[in-house]
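Since the structure comes first, as structure tokens, the remarks are kept for the end.
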Amino acid sequence: MSISPWTGKLSVGGVTIEKELWDRYFSPEDLADFKSGKIMNDVGGIVATVGAIPFGYGLGYVLGWRAGGGPTDHPSYQTAKTCLWVGLGVMVAGLAVGIPGSVKMNRAVKHYNTSLTYQPELRWGNTENGFGLAFAF
């Protein structure tokens, strides 16, 4: 089982698992961990994205103002600086919520993967074309 880092979808053997079927793969404790981790990860991503907007505006304005040699006591420069720091703070808050959620999701997936009865192994062995590295299942 794995989680797509971009979409956050679960898959087993390359086949996406729908949300309604998660309980078939996880124990009740791991399912609760995975669901709460998914919510934390989603909320953290949204908050970080919202913080990135004022951060990007402030950063672009401050860098442009500095490159143009404008006075740093101008009110619009001060506003852009405030946007930069507020946006950075909101982004950090979003990451502080999202990263532990991702850890909870990965822990639930890891419990599932270690509970499997077989573990694939890479070793030297016979292959279709002779002798070489082979996966043993």
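Here's how to read the names in the structure tokens: chain A, B, ... by the order shown, residue numbers from 1 in each chain, ligand numbers from 1 in the order shown.
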
Among chain A, which residues does DSSP mark as alpha helix (DSSP H) when it is run on the backbone? Keep the chain and numbering as in the structure and answer as a compact mmCIF listing (two decimals) with N, CA and C atoms, in the first residue's frame.
# COMPACT_ATOMS: atom_id res chain seq x y z
N PRO A 28 -9.34 -0.81 13.03
CA PRO A 28 -10.08 0.38 13.47
C PRO A 28 -9.19 1.50 14.00
N GLU A 29 -8.13 1.15 14.73
CA GLU A 29 -7.22 2.17 15.26
C GLU A 29 -6.45 2.86 14.13
N ASP A 30 -5.96 2.06 13.20
CA ASP A 30 -5.21 2.63 12.07
C ASP A 30 -6.12 3.45 11.16
N LEU A 31 -7.36 3.01 11.01
CA LEU A 31 -8.31 3.76 10.19
C LEU A 31 -8.59 5.12 10.82
N ALA A 32 -8.77 5.15 12.13
CA ALA A 32 -9.00 6.43 12.83
C ALA A 32 -7.77 7.33 12.68
N ASP A 33 -6.57 6.76 12.82
CA ASP A 33 -5.33 7.53 12.63
C ASP A 33 -5.23 8.07 11.21
N PHE A 34 -5.54 7.22 10.25
CA PHE A 34 -5.41 7.63 8.85
C PHE A 34 -6.39 8.74 8.52
N LYS A 35 -7.65 8.60 8.96
CA LYS A 35 -8.66 9.62 8.67
C LYS A 35 -8.33 10.95 9.34
N SER A 36 -7.93 10.91 10.61
CA SER A 36 -7.58 12.17 11.28
C SER A 36 -6.33 12.78 10.66
N GLY A 37 -5.39 11.94 10.27
CA GLY A 37 -4.19 12.45 9.60
C GLY A 37 -4.51 13.08 8.26
N LYS A 38 -5.45 12.48 7.52
CA LYS A 38 -5.86 13.04 6.23
C LYS A 38 -6.51 14.40 6.41
N ILE A 39 -7.38 14.53 7.41
CA ILE A 39 -8.02 15.82 7.69
C ILE A 39 -6.98 16.86 8.06
N MET A 40 -6.05 16.49 8.95
CA MET A 40 -4.99 17.43 9.35
C MET A 40 -4.15 17.85 8.15
N ASN A 41 -3.81 16.88 7.31
CA ASN A 41 -2.98 17.17 6.14
C ASN A 41 -3.71 18.09 5.18
N ASP A 42 -4.99 17.84 4.94
CA ASP A 42 -5.77 18.68 4.02
C ASP A 42 -5.93 20.10 4.57
N VAL A 43 -6.27 20.22 5.85
CA VAL A 43 -6.43 21.55 6.46
C VAL A 43 -5.10 22.30 6.46
N GLY A 44 -4.02 21.61 6.79
CA GLY A 44 -2.70 22.25 6.78
C GLY A 44 -2.31 22.73 5.39
N GLY A 45 -2.64 21.95 4.38
CA GLY A 45 -2.34 22.36 3.01
C GLY A 45 -3.12 23.59 2.59
N ILE A 46 -4.39 23.64 2.99
CA ILE A 46 -5.22 24.80 2.65
C ILE A 46 -4.70 26.04 3.36
N VAL A 47 -4.39 25.92 4.65
CA VAL A 47 -3.89 27.07 5.42
C VAL A 47 -2.56 27.54 4.86
N ALA A 48 -1.66 26.62 4.53
CA ALA A 48 -0.37 27.01 3.97
C ALA A 48 -0.54 27.70 2.63
N THR A 49 -1.48 27.24 1.82
CA THR A 49 -1.73 27.88 0.53
C THR A 49 -2.29 29.29 0.71
N VAL A 50 -3.20 29.44 1.66
CA VAL A 50 -3.74 30.77 1.95
C VAL A 50 -2.63 31.71 2.42
N GLY A 51 -1.71 31.22 3.22
CA GLY A 51 -0.58 32.03 3.69
C GLY A 51 0.40 32.37 2.59
N ALA A 52 0.48 31.52 1.57
CA ALA A 52 1.43 31.75 0.48
C ALA A 52 1.05 32.97 -0.36
N ILE A 53 -0.24 33.31 -0.40
CA ILE A 53 -0.69 34.43 -1.22
C ILE A 53 -0.14 35.76 -0.69
N PRO A 54 -0.38 36.12 0.58
CA PRO A 54 0.20 37.38 1.06
C PRO A 54 1.73 37.33 1.14
N PHE A 55 2.27 36.15 1.40
CA PHE A 55 3.73 36.03 1.44
C PHE A 55 4.33 36.34 0.07
N GLY A 56 3.74 35.77 -0.97
CA GLY A 56 4.24 36.03 -2.33
C GLY A 56 4.08 37.48 -2.73
N TYR A 57 2.94 38.08 -2.38
CA TYR A 57 2.73 39.49 -2.69
C TYR A 57 3.77 40.35 -1.97
N GLY A 58 3.92 40.11 -0.67
CA GLY A 58 4.87 40.91 0.11
C GLY A 58 6.29 40.73 -0.35
N LEU A 59 6.67 39.51 -0.64
CA LEU A 59 8.04 39.24 -1.08
C LEU A 59 8.32 39.91 -2.42
N GLY A 60 7.39 39.77 -3.35
CA GLY A 60 7.58 40.40 -4.66
C GLY A 60 7.66 41.91 -4.55
N TYR A 61 6.81 42.50 -3.75
CA TYR A 61 6.78 43.95 -3.60
C TYR A 61 8.05 44.45 -2.91
N VAL A 62 8.45 43.78 -1.83
CA VAL A 62 9.64 44.20 -1.09
C VAL A 62 10.88 44.07 -1.96
N LEU A 63 11.03 42.96 -2.67
CA LEU A 63 12.20 42.80 -3.53
C LEU A 63 12.20 43.81 -4.67
N GLY A 64 11.03 44.05 -5.26
CA GLY A 64 10.94 45.05 -6.32
C GLY A 64 11.23 46.44 -5.81
N TRP A 65 10.75 46.76 -4.63
CA TRP A 65 10.99 48.08 -4.03
C TRP A 65 12.47 48.27 -3.74
N ARG A 66 13.10 47.23 -3.20
CA ARG A 66 14.54 47.30 -2.91
C ARG A 66 15.36 47.44 -4.19
N ALA A 67 14.96 46.71 -5.23
CA ALA A 67 15.70 46.79 -6.49
C ALA A 67 15.55 48.18 -7.11
N GLY A 68 14.39 48.80 -6.91
CA GLY A 68 14.17 50.14 -7.46
C GLY A 68 14.78 51.24 -6.62
N PRO A 75 4.60 53.99 3.27
CA PRO A 75 3.53 53.15 3.82
C PRO A 75 3.25 51.88 3.01
N SER A 76 3.33 51.93 1.70
CA SER A 76 3.07 50.73 0.92
C SER A 76 4.18 49.69 1.10
N TYR A 77 5.38 50.14 1.32
CA TYR A 77 6.49 49.22 1.60
C TYR A 77 6.25 48.54 2.95
N GLN A 78 5.82 49.32 3.93
CA GLN A 78 5.55 48.76 5.26
C GLN A 78 4.39 47.76 5.21
N THR A 79 3.38 48.06 4.41
CA THR A 79 2.26 47.13 4.24
C THR A 79 2.72 45.83 3.60
N ALA A 80 3.55 45.94 2.58
CA ALA A 80 4.07 44.74 1.92
C ALA A 80 4.92 43.92 2.87
N LYS A 81 5.70 44.60 3.71
CA LYS A 81 6.51 43.88 4.70
C LYS A 81 5.62 43.13 5.69
N THR A 82 4.55 43.79 6.11
CA THR A 82 3.61 43.14 7.03
C THR A 82 2.97 41.93 6.37
N CYS A 83 2.56 42.07 5.11
CA CYS A 83 1.99 40.93 4.37
C CYS A 83 2.98 39.79 4.29
N LEU A 84 4.23 40.10 4.05
CA LEU A 84 5.26 39.08 3.94
C LEU A 84 5.36 38.29 5.24
N TRP A 85 5.44 38.98 6.37
CA TRP A 85 5.63 38.28 7.65
C TRP A 85 4.35 37.56 8.10
N VAL A 86 3.19 38.16 7.86
CA VAL A 86 1.94 37.48 8.21
C VAL A 86 1.75 36.24 7.35
N GLY A 87 2.01 36.37 6.05
CA GLY A 87 1.90 35.22 5.16
C GLY A 87 2.86 34.11 5.55
N LEU A 88 4.07 34.47 5.92
CA LEU A 88 5.04 33.46 6.36
C LEU A 88 4.56 32.76 7.62
N GLY A 89 4.01 33.52 8.55
CA GLY A 89 3.49 32.92 9.78
C GLY A 89 2.34 31.97 9.52
N VAL A 90 1.44 32.34 8.63
CA VAL A 90 0.30 31.47 8.30
C VAL A 90 0.79 30.22 7.58
N MET A 91 1.77 30.37 6.70
CA MET A 91 2.33 29.19 6.01
C MET A 91 2.96 28.22 7.01
N VAL A 92 3.71 28.75 7.95
CA VAL A 92 4.35 27.89 8.96
C VAL A 92 3.29 27.20 9.81
N ALA A 93 2.22 27.93 10.16
CA ALA A 93 1.13 27.31 10.93
C ALA A 93 0.48 26.17 10.13
N GLY A 94 0.29 26.38 8.84
CA GLY A 94 -0.28 25.33 8.00
C GLY A 94 0.63 24.11 7.93
N LEU A 95 1.92 24.34 7.82
CA LEU A 95 2.86 23.22 7.80
C LEU A 95 2.90 22.51 9.14
N ALA A 96 2.75 23.28 10.23
CA ALA A 96 2.76 22.67 11.56
C ALA A 96 1.56 21.77 11.78
N VAL A 97 0.48 22.01 11.07
CA VAL A 97 -0.70 21.15 11.15
C VAL A 97 -0.60 20.01 10.14
N GLY A 98 -0.13 20.30 8.93
CA GLY A 98 -0.11 19.32 7.85
C GLY A 98 0.92 18.23 8.01
N ILE A 99 2.10 18.56 8.50
CA ILE A 99 3.17 17.56 8.60
C ILE A 99 2.82 16.45 9.61
N PRO A 100 2.33 16.77 10.82
CA PRO A 100 1.94 15.67 11.71
C PRO A 100 0.81 14.81 11.13
N GLY A 101 -0.08 15.42 10.36
CA GLY A 101 -1.13 14.64 9.70
C GLY A 101 -0.55 13.66 8.70
N SER A 102 0.44 14.10 7.96
CA SER A 102 1.10 13.22 7.01
C SER A 102 1.82 12.08 7.73
N VAL A 103 2.41 12.38 8.87
CA VAL A 103 3.09 11.34 9.66
C VAL A 103 2.09 10.29 10.14
N LYS A 104 0.89 10.74 10.59
CA LYS A 104 -0.13 9.80 11.03
C LYS A 104 -0.60 8.90 9.89
N MET A 105 -0.78 9.49 8.72
CA MET A 105 -1.20 8.70 7.56
C MET A 105 -0.15 7.66 7.20
N ASN A 106 1.10 8.09 7.16
CA ASN A 106 2.19 7.16 6.80
C ASN A 106 2.35 6.06 7.84
N ARG A 107 2.12 6.38 9.11
CA ARG A 107 2.22 5.37 10.16
C ARG A 107 1.15 4.29 9.97
N ALA A 108 -0.08 4.69 9.61
CA ALA A 108 -1.15 3.72 9.38
C ALA A 108 -0.82 2.83 8.18
N VAL A 109 -0.29 3.42 7.12
CA VAL A 109 0.10 2.64 5.93
C VAL A 109 1.24 1.69 6.28
N LYS A 110 2.18 2.16 7.09
CA LYS A 110 3.30 1.31 7.48
C LYS A 110 2.81 0.11 8.30
N HIS A 111 1.85 0.33 9.21
CA HIS A 111 1.29 -0.78 9.97
C HIS A 111 0.64 -1.80 9.05
N TYR A 112 -0.07 -1.31 8.04
CA TYR A 112 -0.69 -2.24 7.08
C TYR A 112 0.39 -3.03 6.35
N ASN A 113 1.41 -2.34 5.86
CA ASN A 113 2.44 -3.02 5.07
C ASN A 113 3.22 -4.04 5.90
N THR A 114 3.46 -3.74 7.17
CA THR A 114 4.19 -4.71 8.00
C THR A 114 3.32 -5.88 8.43
N SER A 115 1.99 -5.71 8.36
CA SER A 115 1.11 -6.80 8.76
C SER A 115 0.92 -7.84 7.65

- Query: In Å, with one decimal, what is the gap from atom CA of Ile17 of chain A to atom CA of Ser4 of chain A?
  - Reply: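 So the two atoms, atom CA of Ile17 of chain A and atom CA of Ser4 of chain A, lie 11.4 Å apart.
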
So which residues of chain A fall under strand (DSSP E) by DSSP, listed as a CSV table (one decimal) with C-alpha atoms, in the first residue's frame?
chain,number,residue,atom,x,y,z
A,2,SER,CA,1.2,3.5,-0.7
A,3,ILE,CA,0.0,7.1,-0.7
A,10,LEU,CA,-4.3,5.3,-1.3
A,11,SER,CA,-3.4,2.6,-3.7
A,12,VAL,CA,-2.5,-1.1,-3.5
A,15,VAL,CA,-5.0,0.4,-8.0
A,16,THR,CA,-6.6,3.3,-6.2
A,121,GLU,CA,12.9,-9.5,-1.2
A,122,LEU,CA,15.6,-8.5,-3.6
A,123,ARG,CA,18.3,-11.1,-3.9
A,124,TRP,CA,20.6,-12.9,-6.4
A,125,GLY,CA,18.7,-15.7,-8.1
A,126,ASN,CA,17.4,-17.3,-11.3
A,127,THR,CA,15.7,-15.0,-13.8
A,130,GLY,CA,19.7,-16.6,-16.5
A,131,PHE,CA,21.2,-15.6,-13.2
A,132,GLY,CA,20.9,-12.0,-11.7
A,133,LEU,CA,19.0,-9.8,-9.3
A,134,ALA,CA,15.5,-11.1,-8.8
A,135,PHE,CA,12.5,-10.2,-6.6
A,136,ALA,CA,11.4,-13.1,-4.5

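What separates atom CA of Glu128 of chain A from atom CA of Gly14 of chain A is a distance of 24.0 Å.
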